[in-house]
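Beneath this line is the structure, given in structure tokens, with notes to follow.
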2 protein chains.
Amino acid sequence: MSFRMALRTLSAKNAAALDKELMSDGAFSIDQLMELAGLSVSQAVFKLQPLNKGKRILVACGPGNNGGDGLVAARHLHHYGYTPTIYYPKRSKSELYQRLSKQLQDLAIPFTSDFPSALAATDHVVDAIFGFSFSGEVREPFPAVIEALRDTKVPVLAVDAPSSWGIETGPPGEGPGKGFMPDALISLTAPKPLVKWFKGRHFVGGRFLGEEVAERYGLDVPRYEGVEQVAEVPVEGEGKL
Amino acid sequence: MSFRMALRTLSAKNAAALDKELMSDGAFSIDQLMELAGLSVSQAVFKLQPLNKGKRILVACGPGNNGGDGLVAARHLHHYGYTPTIYYPKRSKSELYQRLSKQLQDLAIPFTSDFPSALAATDHVVDAIFGFSFSGEVREPFPAVIEALRDTKVPVLAVDAPSSWGIETGPPGEGPGKGFMPDALISLTAPKPLVKWFKGRHFVGGRFLGEEVAERYGLDVPRYEGVEQVAEVPVEGEGKL
């Protein structure tokens with residue numbers, strides 16, 4: 001079943017408030033939420049890049065929660081039979097990220113510091129660099145990475161936001177992300193306002209949103225199929241009545 | 001793809017050691033492991049009890065980790081469109097279990113203290129009472145619950161072990177579980193030795209086991225399909241060459 005109307009969006013401010021609520025009143029741990037978010041990302045990759053079309057997945061991880069979702073996704077991708085490689089140049093010192101990284105190392109998943117070479121040798125890229133808390137400033141070493149993602153012919157799946165896009169304002173008018181349009185986007189919990197400018201396949205993941213919370217935040221609970229943790233939804237406008 | 005040979009089993013002692021290793025050297029949190037275990041359980045229910053065959057699922061939870069897996073499964077079942085009811089008479093005071101219960105309350109999932117009435121009004125039961133750390137003693141109020149599960153015509157899915165069965169010794173020769181044979185079993189991480197006596201559909205879940213750890217513990221990594229978190233495997237003997 002697909003939506004007849006585009007899903008309502010969640011501002012950066014409300015996304016932060018919702019995350020905070022889920023982890024306080026909602027009684028979720030960040031481990032739980034990140035596990036389900038990363039699992040959703042891995043299922044979107046499975047839909048976009050079938051195993052028999054090339055198994056090499058480069059996961060570019062930023063320093064925050066978006067990067068953590070990428071680390072979780074990479075672990076699931078390994079178990080599905082893919083061969084992920086991780087680019088994670090600014091590792092968070094928090095215990096959670098260290099644990100997620102250790103889980104990957106134990107599966108012998110390689111970490112690389114050479115993004116251009118990794119990009120030249122992959123079938124698909126996950127852009128887990130910046131998410132809904134992106135401040136508008138692309139710090140080193142990410143400008144060159146985003147330019148490479150903009151220019152590559154390898155398909156890119158962005159997690160929650162194409163990195164460097166404004167959450168409310170969409171594609172930047174200048175800088176490394178000018179002209180960056182990933183092939184696909186997975187919005188976690190709910191689409192952010194930037195989806196208005198997005199052209200490509202659009203998924204929603206993070207199947208933990210209850211009706212009551214969704215209603216309070218003015219969101220829609222996506223109609224997932226069966227046990228799937230990801231749902232494909234029309235891009236802005238496309239599905240409108 | 002199905003197994004030609006039955007999966008190797010994991011003793012109660014080694015199951016405890018493996019859990020401990022995953023949460024120390026393996027760097028997993030219990031939140032992560034329980035989320036993935038409970039998710040597997042929910043996917044087994046989805047296979048056994050299609051939504052259009054009756055949506056009412058009674059989840060009977062014991063005081064330990066097996067009960068926690070049940071609580072997680074119930075949340076996912078709600079999101080799939082089922083109407084779970086929880087029987088959880090001996091609630092753990094640990095923070096994790098309180099959080100898992102709160103997540104269910106926030107979805108308006110009912111908790112009942114009247115097991116017989118709940119059993120009379122359900123389409124399927126999940127037995128998440130005792131798992132691999134079961135000591136051989138069925139404490140109150142569970143003897144009557146296990147007798148009811150033994151006698152009911154409602155299909156029962158047992159999590160990791162039919163409750164009251166010995167992990168190494170299988171069906172008890174006396175007591176409330178004498179003659180208890182659930183319709184289905186989901187083994188988490190790996191089957192326990194009791195599967196030798198089990199007759200019914202058998203699933204394996206907990207898709208986080210790496211090849212290296214599996215080899216060290218003398219286990220098989222089940223061949224899951226696609227992104228599935230659960231795999232159906234032959235019962236002991238049935239699939240042998």
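Quick note on naming: the chains in the structure tokens go A, B, ... in the order shown, residues restart at 1 in each chain, and ligands are numbered from 1 in order of appearance.
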Could you make a table, as a Markdown table, of the residues of chain B that have an atom within 7 Å of an atom of chain A, each with its nearest atom pair and distance in Å to one decimal, counting only C-alpha atoms, in chain and number order?
```
| residue | atom | partner | partner_atom | distance |
| --- | --- | --- | --- | --- |
| B:Gly26 | CA | A:Gln103 | CA | 6.3 |
| B:Ala27 | CA | A:Arg99 | CA | 5.0 |
| B:Phe28 | CA | A:Arg99 | CA | 6.7 |
| B:Asp31 | CA | A:Gln32 | CA | 6.0 |
| B:Gln32 | CA | A:Gln32 | CA | 5.8 |
| B:Glu35 | CA | A:Gln32 | CA | 6.5 |
| B:Gln43 | CA | A:Val227 | CA | 6.5 |
| B:Tyr80 | CA | A:Gly226 | CA | 6.1 |
| B:Arg99 | CA | A:Ala27 | CA | 5.0 |
| B:Lys102 | CA | A:Ala27 | CA | 6.4 |
| B:Gln103 | CA | A:Gly26 | CA | 6.3 |
| B:Leu107 | CA | A:Gly210 | CA | 6.2 |
| B:Gly210 | CA | A:Leu107 | CA | 6.1 |
| B:Gly226 | CA | A:Tyr80 | CA | 6.1 |
| B:Val227 | CA | A:Tyr80 | CA | 6.2 |
```
* To do: Could you give me, as a PyMOL selection string, the residues within 9 Å of B:Leu58, counting only C-alpha atoms and dropping anything in the same chain fewer than 3 positions from it?
  => chain B and resi 74+83-87+118-119+121-127
* **Residues near stretch 130-132 of chain B, cut-off 6 Å, only C-alpha atoms, skip fewer than 3 positions along chain, as a VMD selection string** => chain B and resid 12 62 66 160 to 161 163
* Asked: If we count only C-alpha atoms, what is near B:Ser40 at a cut-off of 8 Å, once residues fewer than 4 positions away on the same chain are taken out, given as a PyMOL selection string?
  -> chain B and resi 36+44+73+205-206+229-230
Could you take the residues named above and write them with N, CA, C and O atoms, as a compact mmCIF listing (two decimals), in the first residue's frame?
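Written out: result-v1.txt:
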```txt
# COMPACT_ATOMS: atom_id res chain seq x y z
N LEU B 36 17.30 -7.29 19.08
CA LEU B 36 17.40 -8.17 17.92
C LEU B 36 16.76 -9.53 18.20
O LEU B 36 16.14 -10.13 17.31
N ALA B 44 9.00 -14.55 13.75
CA ALA B 44 8.52 -15.94 13.77
C ALA B 44 7.01 -15.97 13.95
O ALA B 44 6.31 -16.74 13.30
N ALA B 73 9.33 -8.37 21.62
CA ALA B 73 8.54 -8.95 20.53
C ALA B 73 7.14 -8.32 20.48
O ALA B 73 6.63 -8.01 19.41
N GLY B 205 16.77 -17.48 15.50
CA GLY B 205 16.83 -16.03 15.39
C GLY B 205 18.01 -15.47 16.17
O GLY B 205 18.72 -16.22 16.85
N GLY B 206 18.18 -14.17 16.06
CA GLY B 206 19.32 -13.51 16.71
C GLY B 206 20.46 -13.38 15.71
O GLY B 206 21.48 -14.04 15.84
N GLN B 229 15.30 -11.77 9.96
CA GLN B 229 15.96 -11.93 11.25
C GLN B 229 15.64 -13.29 11.86
O GLN B 229 15.98 -13.56 13.00
N VAL B 230 14.98 -14.14 11.07
CA VAL B 230 14.60 -15.45 11.55
C VAL B 230 14.70 -16.43 10.38
O VAL B 230 14.48 -16.05 9.23
```
* Go ahead and compute the interatomic distance for atom CA of A:Lys90 and atom CA of A:Pro63, in Å to one decimal. => 5.3 Å
* Leaving out B:Glu174 and any residue of its chain fewer than 2 positions from it, which residues lie within 12 Å of it when counting only C-alpha atoms, given as a count of residues only? -> 16
